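*Asks:* Compact mmCIF, C-alpha atoms and all ligand atoms, file final.txt:
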# COMPACT_ATOMS: atom_id res chain seq x y z
CA MET A 1 91.04 72.08 -75.93
CA LYS A 2 93.68 70.26 -77.94
CA ILE A 3 95.05 67.49 -75.76
CA LEU A 4 98.03 65.18 -76.04
CA VAL A 5 97.01 61.81 -74.61
CA SER A 6 100.04 59.60 -73.96
CA GLY A 7 99.13 55.91 -73.71
CA GLY A 8 95.67 56.68 -75.09
CA ALA A 9 95.28 53.32 -76.85
CA GLY A 10 95.41 51.45 -73.52
CA TYR A 11 92.64 50.35 -71.20
CA ILE A 12 91.96 53.53 -69.22
CA GLY A 13 93.28 55.81 -71.98
CA SER A 14 90.85 54.54 -74.61
CA HIS A 15 87.83 55.03 -72.33
CA THR A 16 89.05 58.53 -71.52
CA CYS A 17 89.61 59.33 -75.21
CA ALA A 18 85.95 58.45 -75.88
CA GLU A 19 84.83 60.82 -73.11
CA LEU A 20 87.15 63.59 -74.32
CA LEU A 21 85.84 63.37 -77.89
CA LEU A 22 82.22 63.33 -76.70
CA SER A 23 82.95 66.49 -74.70
CA GLY A 24 84.21 68.25 -77.81
CA HIS A 25 87.97 68.08 -77.21
CA GLU A 26 90.49 67.54 -79.98
CA ILE A 27 92.93 64.74 -79.21
CA VAL A 28 96.30 63.48 -80.38
CA VAL A 29 97.12 60.03 -79.01
CA VAL A 30 100.79 59.03 -78.74
CA ASP A 31 101.21 55.35 -77.93
CA ASN A 32 103.91 52.82 -78.85
CA LEU A 33 101.31 50.00 -78.66
CA SER A 34 103.58 48.02 -76.32
CA ASN A 35 100.50 46.95 -74.36
CA SER A 36 97.63 47.83 -76.66
CA ASN A 37 96.30 47.71 -80.16
CA GLU A 38 95.35 50.45 -82.57
CA SER A 39 91.93 48.79 -82.95
CA SER A 40 90.93 50.28 -79.57
CA LEU A 41 91.18 53.73 -81.15
CA GLU A 42 89.10 52.61 -84.14
CA ARG A 43 86.47 51.57 -81.63
CA VAL A 44 86.71 54.92 -79.86
CA LYS A 45 85.90 56.52 -83.23
CA GLU A 46 83.03 54.10 -83.75
CA ILE A 47 81.54 54.83 -80.31
CA THR A 48 81.84 58.60 -80.60
CA GLY A 49 81.42 59.16 -84.34
CA LYS A 50 84.40 61.52 -84.05
CA ASP A 51 87.94 61.51 -85.31
CA LEU A 52 91.27 61.67 -83.51
CA ILE A 53 94.93 61.74 -84.48
CA PHE A 54 96.99 58.67 -83.61
CA ILE A 55 100.80 58.72 -83.69
CA LYS A 56 102.62 55.46 -83.00
CA GLU A 57 105.58 56.69 -81.02
CA ASP A 58 107.53 56.00 -77.87
CA ILE A 59 107.42 58.84 -75.35
CA THR A 60 111.04 58.14 -74.35
CA ASP A 61 112.20 59.23 -77.82
CA GLU A 62 112.84 62.92 -77.23
CA MET A 63 113.59 63.88 -80.84
CA LYS A 64 110.47 62.22 -82.23
CA MET A 65 108.37 63.62 -79.39
CA GLU A 66 109.72 67.11 -80.05
CA LYS A 67 108.52 66.86 -83.66
CA ILE A 68 105.04 66.10 -82.34
CA PHE A 69 105.14 69.10 -80.00
CA LEU A 70 106.29 71.33 -82.86
CA GLU A 71 103.57 70.11 -85.19
CA HIS A 72 100.69 70.41 -82.69
CA HIS A 73 99.94 73.20 -80.29
CA PHE A 74 98.62 71.41 -77.24
CA ASP A 75 96.67 73.07 -74.47
CA ALA A 76 97.11 70.20 -72.02
CA VAL A 77 98.53 66.72 -71.58
CA ILE A 78 96.92 63.62 -70.07
CA HIS A 79 99.73 61.21 -69.31
CA PHE A 80 98.77 57.52 -69.12
CA ALA A 81 101.76 55.93 -70.88
CA GLY A 82 103.72 53.55 -68.73
CA HIS A 83 104.27 49.93 -67.78
CA LYS A 84 101.98 48.77 -64.98
CA ALA A 85 102.65 45.19 -63.89
CA VAL A 86 103.93 45.02 -60.32
CA GLY A 87 105.43 41.51 -60.62
CA GLU A 88 107.18 42.31 -63.88
CA SER A 89 108.60 45.49 -62.35
CA VAL A 90 110.34 43.37 -59.71
CA SER A 91 111.93 41.18 -62.41
CA VAL A 92 112.95 43.96 -64.80
CA PRO A 93 113.20 47.13 -62.69
CA LEU A 94 115.39 48.99 -65.18
CA ASN A 95 112.72 48.68 -67.87
CA TYR A 96 110.24 50.24 -65.48
CA TYR A 97 112.56 53.06 -64.42
CA HIS A 98 113.45 53.76 -68.04
CA ASN A 99 109.97 53.59 -69.51
CA ASN A 100 107.99 55.23 -66.73
CA ILE A 101 110.48 57.73 -65.34
CA SER A 102 112.52 58.64 -68.43
CA GLY A 103 109.32 58.71 -70.49
CA SER A 104 107.68 61.12 -68.03
CA LEU A 105 110.83 63.23 -67.83
CA THR A 106 110.94 63.59 -71.63
CA LEU A 107 107.31 64.59 -71.70
CA PHE A 108 107.64 67.13 -68.88
CA LYS A 109 110.80 68.67 -70.43
CA LEU A 110 108.97 69.20 -73.71
CA MET A 111 105.92 70.57 -71.91
CA LYS A 112 108.19 73.11 -70.19
CA LYS A 113 109.96 74.00 -73.46
CA TYR A 114 106.69 74.53 -75.34
CA GLU A 115 104.99 76.19 -72.35
CA ILE A 116 102.24 73.64 -71.89
CA LYS A 117 101.68 73.71 -68.19
CA LYS A 118 98.44 71.80 -67.72
CA LEU A 119 98.76 68.14 -66.86
CA VAL A 120 96.65 65.23 -65.65
CA PHE A 121 98.83 62.32 -64.50
CA SER A 122 97.91 58.66 -63.84
CA SER A 123 99.20 57.70 -60.44
CA SER A 124 98.03 54.81 -58.31
CA ALA A 125 96.76 53.91 -54.84
CA THR A 126 99.95 51.86 -54.59
CA VAL A 127 101.74 55.05 -53.43
CA TYR A 128 99.99 54.71 -50.06
CA GLY A 129 102.12 51.64 -49.31
CA SER A 130 100.79 49.18 -46.75
CA HIS A 131 101.07 51.02 -43.43
CA ASN A 132 98.27 53.57 -43.62
CA LYS A 133 94.85 53.07 -42.08
CA VAL A 134 91.79 52.91 -44.32
CA PRO A 135 90.10 54.89 -45.72
CA LEU A 136 93.18 56.20 -47.52
CA LYS A 137 93.43 60.00 -47.76
CA GLU A 138 95.55 62.11 -50.08
CA ASP A 139 97.60 63.69 -47.27
CA MET A 140 98.75 60.38 -45.75
CA PRO A 141 102.45 59.44 -45.87
CA LEU A 142 103.49 57.78 -49.12
CA SER A 143 105.74 54.80 -49.72
CA ALA A 144 106.31 52.03 -52.22
CA SER A 145 107.28 48.41 -51.93
CA ASN A 146 108.13 47.56 -55.54
CA PRO A 147 109.76 49.28 -58.56
CA TYR A 148 106.40 50.02 -60.24
CA GLY A 149 105.15 51.82 -57.13
CA ARG A 150 108.45 53.68 -56.84
CA THR A 151 108.13 54.97 -60.41
CA LYS A 152 104.73 56.49 -59.51
CA LEU A 153 106.13 57.93 -56.31
CA PHE A 154 109.17 59.47 -58.06
CA ILE A 155 107.02 60.96 -60.82
CA GLU A 156 104.71 62.51 -58.22
CA GLU A 157 107.79 64.00 -56.50
CA MET A 158 109.12 65.23 -59.84
CA LEU A 159 105.81 67.01 -60.46
CA ARG A 160 105.86 68.66 -57.03
CA ASP A 161 109.37 69.99 -57.81
CA ILE A 162 108.28 71.23 -61.24
CA TYR A 163 105.41 73.10 -59.63
CA SER A 164 107.63 74.58 -56.89
CA ALA A 165 109.96 75.94 -59.55
CA ASP A 166 107.14 77.36 -61.66
CA PRO A 167 103.76 77.94 -59.97
CA GLU A 168 102.14 78.63 -63.32
CA TRP A 169 101.82 74.87 -63.77
CA SER A 170 98.52 73.23 -63.05
CA ILE A 171 98.77 69.54 -62.24
CA ALA A 172 96.22 66.93 -61.19
CA ILE A 173 97.69 63.68 -59.88
CA LEU A 174 95.00 61.00 -60.03
CA ARG A 175 95.49 58.05 -57.71
CA TYR A 176 93.38 55.25 -59.13
CA PHE A 177 92.17 52.48 -56.85
CA ASN A 178 91.20 49.27 -58.72
CA PRO A 179 89.99 50.10 -62.24
CA VAL A 180 87.71 47.37 -63.61
CA GLY A 181 84.79 46.94 -66.00
CA ALA A 182 84.52 47.83 -69.65
CA HIS A 183 82.67 50.17 -71.97
CA PRO A 184 78.91 49.46 -71.81
CA SER A 185 78.97 49.00 -75.62
CA GLY A 186 81.25 45.97 -75.18
CA LEU A 187 83.68 47.58 -77.63
CA LEU A 188 86.41 48.69 -75.20
CA GLY A 189 87.94 46.82 -72.30
CA GLU A 190 91.05 45.34 -70.80
CA ASN A 191 92.88 42.63 -72.69
CA PRO A 192 95.75 41.39 -70.55
CA LYS A 193 98.46 39.39 -72.29
CA GLY A 194 99.07 35.89 -70.88
CA ILE A 195 97.81 34.83 -67.46
CA PRO A 196 96.06 37.75 -65.77
CA ASN A 197 97.53 38.95 -62.48
CA ASN A 198 94.49 40.93 -61.46
CA LEU A 199 91.31 39.54 -60.01
CA PHE A 200 88.72 40.84 -62.49
CA PRO A 201 90.27 39.58 -65.73
CA TYR A 202 91.05 36.26 -64.04
CA VAL A 203 87.50 35.77 -62.78
CA THR A 204 86.10 36.78 -66.18
CA GLN A 205 88.26 34.19 -67.92
CA VAL A 206 87.21 31.48 -65.45
CA ALA A 207 83.55 32.34 -66.04
CA ALA A 208 84.18 32.11 -69.79
CA GLY A 209 85.79 28.68 -69.40
CA LYS A 210 89.21 29.91 -70.56
CA ARG A 211 90.70 29.02 -67.14
CA THR A 212 89.56 26.26 -64.87
CA CYS A 213 89.72 27.68 -61.36
CA LEU A 214 90.39 30.90 -59.48
CA SER A 215 92.96 30.84 -56.69
CA ILE A 216 91.84 33.13 -53.89
CA PHE A 217 94.98 34.58 -52.37
CA GLY A 218 94.36 34.50 -48.63
CA SER A 219 91.25 33.52 -46.68
CA ASP A 220 92.54 34.35 -43.20
CA TYR A 221 92.65 38.15 -43.38
CA ASP A 222 90.91 40.10 -40.65
CA THR A 223 88.02 41.00 -42.98
CA LYS A 224 84.32 40.16 -43.16
CA ASP A 225 84.89 36.81 -44.92
CA GLY A 226 88.67 36.42 -44.57
CA THR A 227 89.46 37.44 -48.19
CA GLY A 228 91.14 40.68 -49.34
CA ILE A 229 89.15 43.88 -49.75
CA ARG A 230 89.64 46.43 -52.53
CA ASP A 231 87.98 49.56 -53.84
CA TYR A 232 86.96 48.59 -57.39
CA ILE A 233 86.01 51.45 -59.68
CA HIS A 234 84.32 51.24 -63.07
CA VAL A 235 86.62 52.44 -65.85
CA ALA A 236 83.83 54.65 -67.23
CA ASP A 237 83.63 56.49 -63.89
CA LEU A 238 87.41 56.81 -63.96
CA ALA A 239 87.29 58.29 -67.46
CA GLY A 240 84.75 60.82 -66.18
CA GLY A 241 87.19 61.73 -63.40
CA HIS A 242 89.77 62.71 -66.02
CA LEU A 243 87.32 65.10 -67.65
CA LYS A 244 86.67 66.75 -64.29
CA ALA A 245 90.40 66.93 -63.53
CA LEU A 246 91.04 68.46 -66.94
CA GLU A 247 88.39 71.12 -66.31
CA ALA A 248 90.04 71.87 -62.96
CA VAL A 249 93.57 72.22 -64.34
CA ALA A 250 92.28 74.32 -67.22
CA CYS A 251 91.05 77.08 -64.94
CA SER A 252 93.48 77.16 -62.02
CA ASN A 253 97.14 76.80 -61.09
CA GLY A 254 98.43 74.40 -58.46
CA ILE A 255 99.22 70.78 -57.83
CA GLU A 256 96.72 68.44 -56.20
CA ALA A 257 96.47 64.68 -55.78
CA PHE A 258 93.01 63.08 -55.92
CA ASN A 259 91.85 59.60 -55.00
CA LEU A 260 89.62 58.08 -57.66
CA GLY A 261 87.70 55.19 -56.16
CA THR A 262 84.20 54.55 -54.90
CA GLY A 263 85.05 54.67 -51.20
CA GLN A 264 83.50 51.22 -50.82
CA GLY A 265 85.47 47.99 -50.36
CA TYR A 266 84.43 44.56 -51.66
CA SER A 267 85.96 41.19 -50.79
CA VAL A 268 87.21 38.64 -53.31
CA LEU A 269 84.30 36.35 -52.43
CA GLU A 270 81.80 39.16 -53.02
CA ILE A 271 83.30 39.66 -56.49
CA VAL A 272 83.03 35.93 -57.21
CA ARG A 273 79.35 35.91 -56.17
CA MET A 274 78.48 38.98 -58.20
CA PHE A 275 80.19 37.47 -61.26
CA GLU A 276 78.23 34.28 -60.84
CA LYS A 277 75.04 36.36 -60.72
CA VAL A 278 75.70 38.44 -63.85
CA SER A 279 77.15 35.60 -65.93
CA GLY A 280 74.92 32.77 -64.76
CA LYS A 281 78.11 30.65 -64.59
CA LYS A 282 79.62 28.83 -61.64
CA ILE A 283 83.09 30.15 -60.76
CA PRO A 284 85.19 27.33 -59.31
CA PHE A 285 87.73 28.58 -56.78
CA GLN A 286 90.28 27.28 -54.34
CA LEU A 287 91.55 28.99 -51.22
CA SER A 288 95.30 29.55 -51.49
CA GLU A 289 98.13 31.22 -49.61
CA ARG A 290 98.22 34.99 -49.29
CA ARG A 291 100.01 36.72 -52.18
CA LYS A 292 103.27 38.33 -51.04
CA GLY A 293 102.99 42.07 -50.62
CA ASP A 294 99.16 42.18 -50.64
CA ALA A 295 97.40 44.46 -48.18
CA ALA A 296 94.33 43.01 -46.44
CA VAL A 297 92.16 46.04 -47.06
CA SER A 298 92.43 49.06 -49.34
CA TYR A 299 89.77 51.63 -50.05
CA ALA A 300 89.70 55.35 -50.63
CA ASP A 301 88.37 58.42 -48.97
CA CYS A 302 87.06 60.18 -52.09
CA SER A 303 85.81 63.35 -50.44
CA LYS A 304 88.53 65.56 -51.95
CA ALA A 305 87.58 64.64 -55.53
CA ARG A 306 83.90 65.00 -54.65
CA ILE A 307 84.37 68.50 -53.23
CA LEU A 308 87.08 69.97 -55.47
CA LEU A 309 86.34 68.17 -58.76
CA GLN A 310 82.63 67.63 -58.19
CA TRP A 311 83.20 64.05 -59.23
CA ASN A 312 81.57 60.93 -57.87
CA ALA A 313 81.74 57.32 -59.01
CA GLU A 314 78.23 56.28 -60.00
CA LYS A 315 78.45 52.71 -61.25
CA SER A 316 77.72 49.77 -58.97
CA LEU A 317 79.63 46.53 -58.49
CA GLU A 318 76.95 44.85 -60.59
CA ASP A 319 77.66 47.32 -63.45
CA MET A 320 81.39 46.56 -63.17
CA CYS A 321 80.89 42.78 -63.32
CA ARG A 322 78.20 42.91 -66.03
CA ASP A 323 80.26 45.15 -68.31
CA SER A 324 83.41 43.02 -67.80
CA TRP A 325 81.38 39.93 -68.68
CA ASN A 326 79.81 41.60 -71.69
CA TRP A 327 83.28 42.59 -72.94
CA GLN A 328 84.59 39.07 -72.40
CA MET A 329 81.64 37.62 -74.34
CA ASN A 330 82.21 40.09 -77.14
CA GLN A 331 85.88 39.04 -77.34
CA THR A 332 84.93 35.39 -77.49
CA GLU A 333 82.44 36.02 -80.26
CA THR A 334 84.97 38.00 -82.27
CA TYR A 335 87.48 35.20 -81.75
CA LEU A 336 84.94 32.56 -82.82
CA ASP A 337 84.01 34.61 -85.88
CA LYS A 338 87.68 34.70 -86.88
CA GLU A 339 88.01 30.94 -86.32
CA LEU A 340 84.99 30.32 -88.52
CA GLN A 341 86.40 32.53 -91.24
CA ILE A 342 89.67 30.58 -91.15
CA ILE A 343 87.77 27.30 -91.46
P1 LIG B 401 97.58 50.05 -70.39
O1 LIG B 401 98.83 49.23 -70.42
O2 LIG B 401 96.34 49.47 -70.94
O3 LIG B 401 97.83 51.47 -71.08
C1 LIG B 401 99.10 52.10 -71.07
C2 LIG B 401 99.40 52.47 -72.51
O4 LIG B 401 100.66 53.12 -72.55
C3 LIG B 401 99.46 51.26 -73.44
O5 LIG B 401 98.65 51.49 -74.55
C4 LIG B 401 100.94 51.18 -73.82
O6 LIG B 401 101.10 50.68 -75.13
C5 LIG B 401 101.37 52.63 -73.67
N1 LIG B 401 102.78 52.83 -73.40
C6 LIG B 401 103.55 52.25 -72.45
N2 LIG B 401 104.79 52.73 -72.51
C7 LIG B 401 104.83 53.64 -73.50
C8 LIG B 401 105.84 54.48 -74.04
N3 LIG B 401 107.09 54.46 -73.60
N4 LIG B 401 105.50 55.29 -75.08
C9 LIG B 401 104.25 55.30 -75.59
N5 LIG B 401 103.26 54.54 -75.11
C10 LIG B 401 103.55 53.71 -74.08
O7 LIG B 401 97.37 50.47 -68.85
P2 LIG B 401 96.12 51.19 -68.17
O8 LIG B 401 95.51 50.21 -67.24
O9 LIG B 401 95.29 51.88 -69.17
O10 LIG B 401 96.91 52.24 -67.26
C11 LIG B 401 97.13 53.58 -67.66
C12 LIG B 401 97.95 54.28 -66.60
O11 LIG B 401 97.26 54.18 -65.35
C13 LIG B 401 99.33 53.66 -66.39
O12 LIG B 401 100.24 54.71 -66.14
C14 LIG B 401 99.15 52.83 -65.12
O13 LIG B 401 100.34 52.70 -64.39
C15 LIG B 401 98.12 53.66 -64.36
N6 LIG B 401 97.33 52.85 -63.41
C16 LIG B 401 96.65 51.75 -63.86
C17 LIG B 401 95.95 50.97 -62.96
C18 LIG B 401 95.21 49.73 -63.41
O14 LIG B 401 94.90 48.88 -62.57
N7 LIG B 401 94.88 49.58 -64.68
C19 LIG B 401 95.91 51.32 -61.60
C20 LIG B 401 96.60 52.46 -61.19
C21 LIG B 401 97.31 53.22 -62.10
N1 LIG B 402 93.27 38.08 -56.01
C1 LIG B 402 92.99 36.74 -55.88
N2 LIG B 402 93.25 35.91 -56.94
C2 LIG B 402 93.76 36.36 -58.12
C3 LIG B 402 94.05 37.74 -58.25
C4 LIG B 402 93.81 38.57 -57.17
O1 LIG B 402 92.51 36.29 -54.84
O2 LIG B 402 93.99 35.54 -59.04
C5 LIG B 402 92.97 38.99 -54.89
C6 LIG B 402 94.16 39.78 -54.36
O3 LIG B 402 94.83 39.04 -53.36
C7 LIG B 402 93.49 41.03 -53.83
C8 LIG B 402 92.29 41.24 -54.77
O4 LIG B 402 92.05 39.96 -55.38
O5 LIG B 402 92.97 40.81 -52.51
C9 LIG B 402 92.56 42.26 -55.88
O6 LIG B 402 93.77 41.91 -56.54
P1 LIG B 402 94.27 42.69 -57.83
O7 LIG B 402 95.57 42.06 -58.25
O8 LIG B 402 93.18 42.74 -58.83
O9 LIG B 402 94.49 44.18 -57.31
P2 LIG B 402 95.58 44.75 -56.27
O10 LIG B 402 95.94 43.67 -55.31
O11 LIG B 402 96.72 45.19 -57.10
O12 LIG B 402 94.89 45.86 -55.58
Render the structure in this file as structure tokens.
Ligand code: NAD
Ligand code: UDP

*Replies:*
Amino acid sequence: MKILVSGGAGYIGSHTCAELLLSGHEIVVVDNLSNSNESSLERVKEITGKDLIFIKEDITDEMKMEKIFLEHHFDAVIHFAGHKAVGESVSVPLNYYHNNISGSLTLFKLMKKYEIKKLVFSSSATVYGSHNKVPLKEDMPLSASNPYGRTKLFIEEMLRDIYSADPEWSIAILRYFNPVGAHPSGLLGENPKGIPNNLFPYVTQVAAGKRTCLSIFGSDYDTKDGTGIRDYIHVADLAGGHLKALEAVACSNGIEAFNLGTGQGYSVLEIVRMFEKVSGKKIPFQLSERRKGDAAVSYADCSKARILLQWNAEKSLEDMCRDSWNWQMNQTETYLDKELQII
């Protein structure tokens, strides 16, 4: 199939692009590089030995996007493009509503106009809000407590309305739990700008000596060791989930949401210990206040994806930590190489 991948230069998008190329798909990546670098796509080509088309464009620009739709005849769209930082979304909500919602609207309008009715959309476990019981299931009530979450919720609603109006659409809404890890080659991974908000990049940077100490947000939760529990999923497993979702939308009509997680929760302290094991480094930490808005426990019921998509996460927590560490080490080496060249 010929697939438009919006946001394909980003963390999850680049891993998915590699899987798509290895499965024989033709891909056109549209990304404005607001949170990524074209080098990730060079690495995708290096890993796969295959080519792709990259167009640096903003999905909110309807005229430019229409030119792309006219030039290429897509069979399906995988829509990753969007801003994703919860804290930032609270500070600049209009940027989030504009980028995520207007961007999606532009894309969906053009899909309708050019009769491309197969879509895989990146949603998030954040749409379950904080009042549901774990494990979280796709048919539970949805809510959001910040502008980022609301953009995902609104886009999901928009998609349900699009499908109601035209049941020829085929839409998979993928609700990711906590994507972590990196490509086993060490060539692709997450590269957050500034101080990382998420646990994995923060721990990795502490292990690498780039930051001195991890603050553990909350040690008095009603959990096995008092720290927060999340369902971490290896980004390579997540990429595989997109392939399965694409196969499903290719051969049926409908709209379905799927949880993509492992179904298993790990505490912050368990992550710290596993990182210490794979890196051989001590990870200094301090116990701090709970972070506002954090749930104590979040993990998925993944049975729907297992049954309907025949998809299962296969990588272990050790794989996730080892590949994150490997990626971090690779970054450091590249950085040191550059420093040496400058000297
Ligand atoms: P990312 O920031 O690495 O990738 C998103 C990509 O979209 C970036 O390359 C960015 O440059 C691009 N982009 C943003 N706005 C754009 C626009 N207007 N036009 C063109 N390109 C644009 O993020 P990611 O972690 O790969 O996440 C991908 C998707 O998955 C996002 O929609 C995100 O909300 C969702 N998601 C991510 C997580 C996570 O923890 N990483 C969890 C749940 C859901
Ligand atoms: N966390 C932490 N210190 C950090 C970052 C995160 O203790 O510097 C905790 C956080 O409170 C949560 C878990 O690690 O219990 C995962 O947080 P992350 O931000 O990665 O994911 P999210 O909370 O969005 O699911």

*Asks:* Within 6 Å of Asn253 in chain A, counting only C-alpha atoms, which residues qualify if same-chain residues fewer than 4 places away don't, as a list in words?

*Replies:*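 With the cut-off at 6 Å, the set is Glu168, Trp169 and Ser170 of chain A.
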
*Asks:* Neighbouring residues of range 194-208 of chain A were defined as those with any atom within 8 Å, considering all atoms listed in the file; residues of the same chain fewer than 2 positions away were excluded. Please report them as a VMD selection string.

*Replies:* chain A and resid 180 190 192 210 to 214 268 272 275 to 276 279 281 to 284 324 to 325 328 to 329

*Asks:* Which residues are near ligand LIG 401 (chain B) - at most 8 Å, using only C-alpha atoms and all ligand atoms? Format: as a ChimeraX atom specification.

*Replies:* /A:6-14,30-37,56-60,79-85,99-100,103,121-126,148,152,175-180,190-191

*Asks:* Work out how far CA of Ile162 in chain A is from CA of Gly24 in chain A, in Å to one decimal.

*Replies:*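 One can read the CA of Gly24 in chain A to CA of Ile162 in chain A distance as 29.4 Å.
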
*Asks:* Counting all atoms listed in the file, which residue out of A:Met140, A:Val249, A:Ala313, A:Pro147 sits closest to Ser91 in chain A?

*Replies:*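 Using all atoms listed in the file, the shortest distance to Ser91 in chain A belongs to A:Pro147.
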
*Asks:* Which residues, written as a ChimeraX atom specification, have at least one atom at most 9 Å from Gly129 in chain A, with all atoms listed in the file counted and residues fewer than 6 positions away on the same chain left out?

*Replies:* /A:141-145,149,295

*Asks:* Output C-alpha atoms for every residue in the selection just made, as a compact mmCIF listing (two decimals), in the coordinates of the input.

*Replies:*
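Contents of again-v2.txt, as written:
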# COMPACT_ATOMS: atom_id res chain seq x y z
CA PRO A 141 102.45 59.44 -45.87
CA LEU A 142 103.49 57.78 -49.12
CA SER A 143 105.74 54.80 -49.72
CA ALA A 144 106.31 52.03 -52.22
CA SER A 145 107.28 48.41 -51.93
CA GLY A 149 105.15 51.82 -57.13
CA ALA A 295 97.40 44.46 -48.18

*Asks:* Using all atoms listed in the file, collect all residues at a distance of at most 12 Å from (77.2, 42.3, -72.4) as written in the file, then present them as a VMD selection string.

*Replies:* chain A and resid 181 to 189 278 to 279 319 to 333
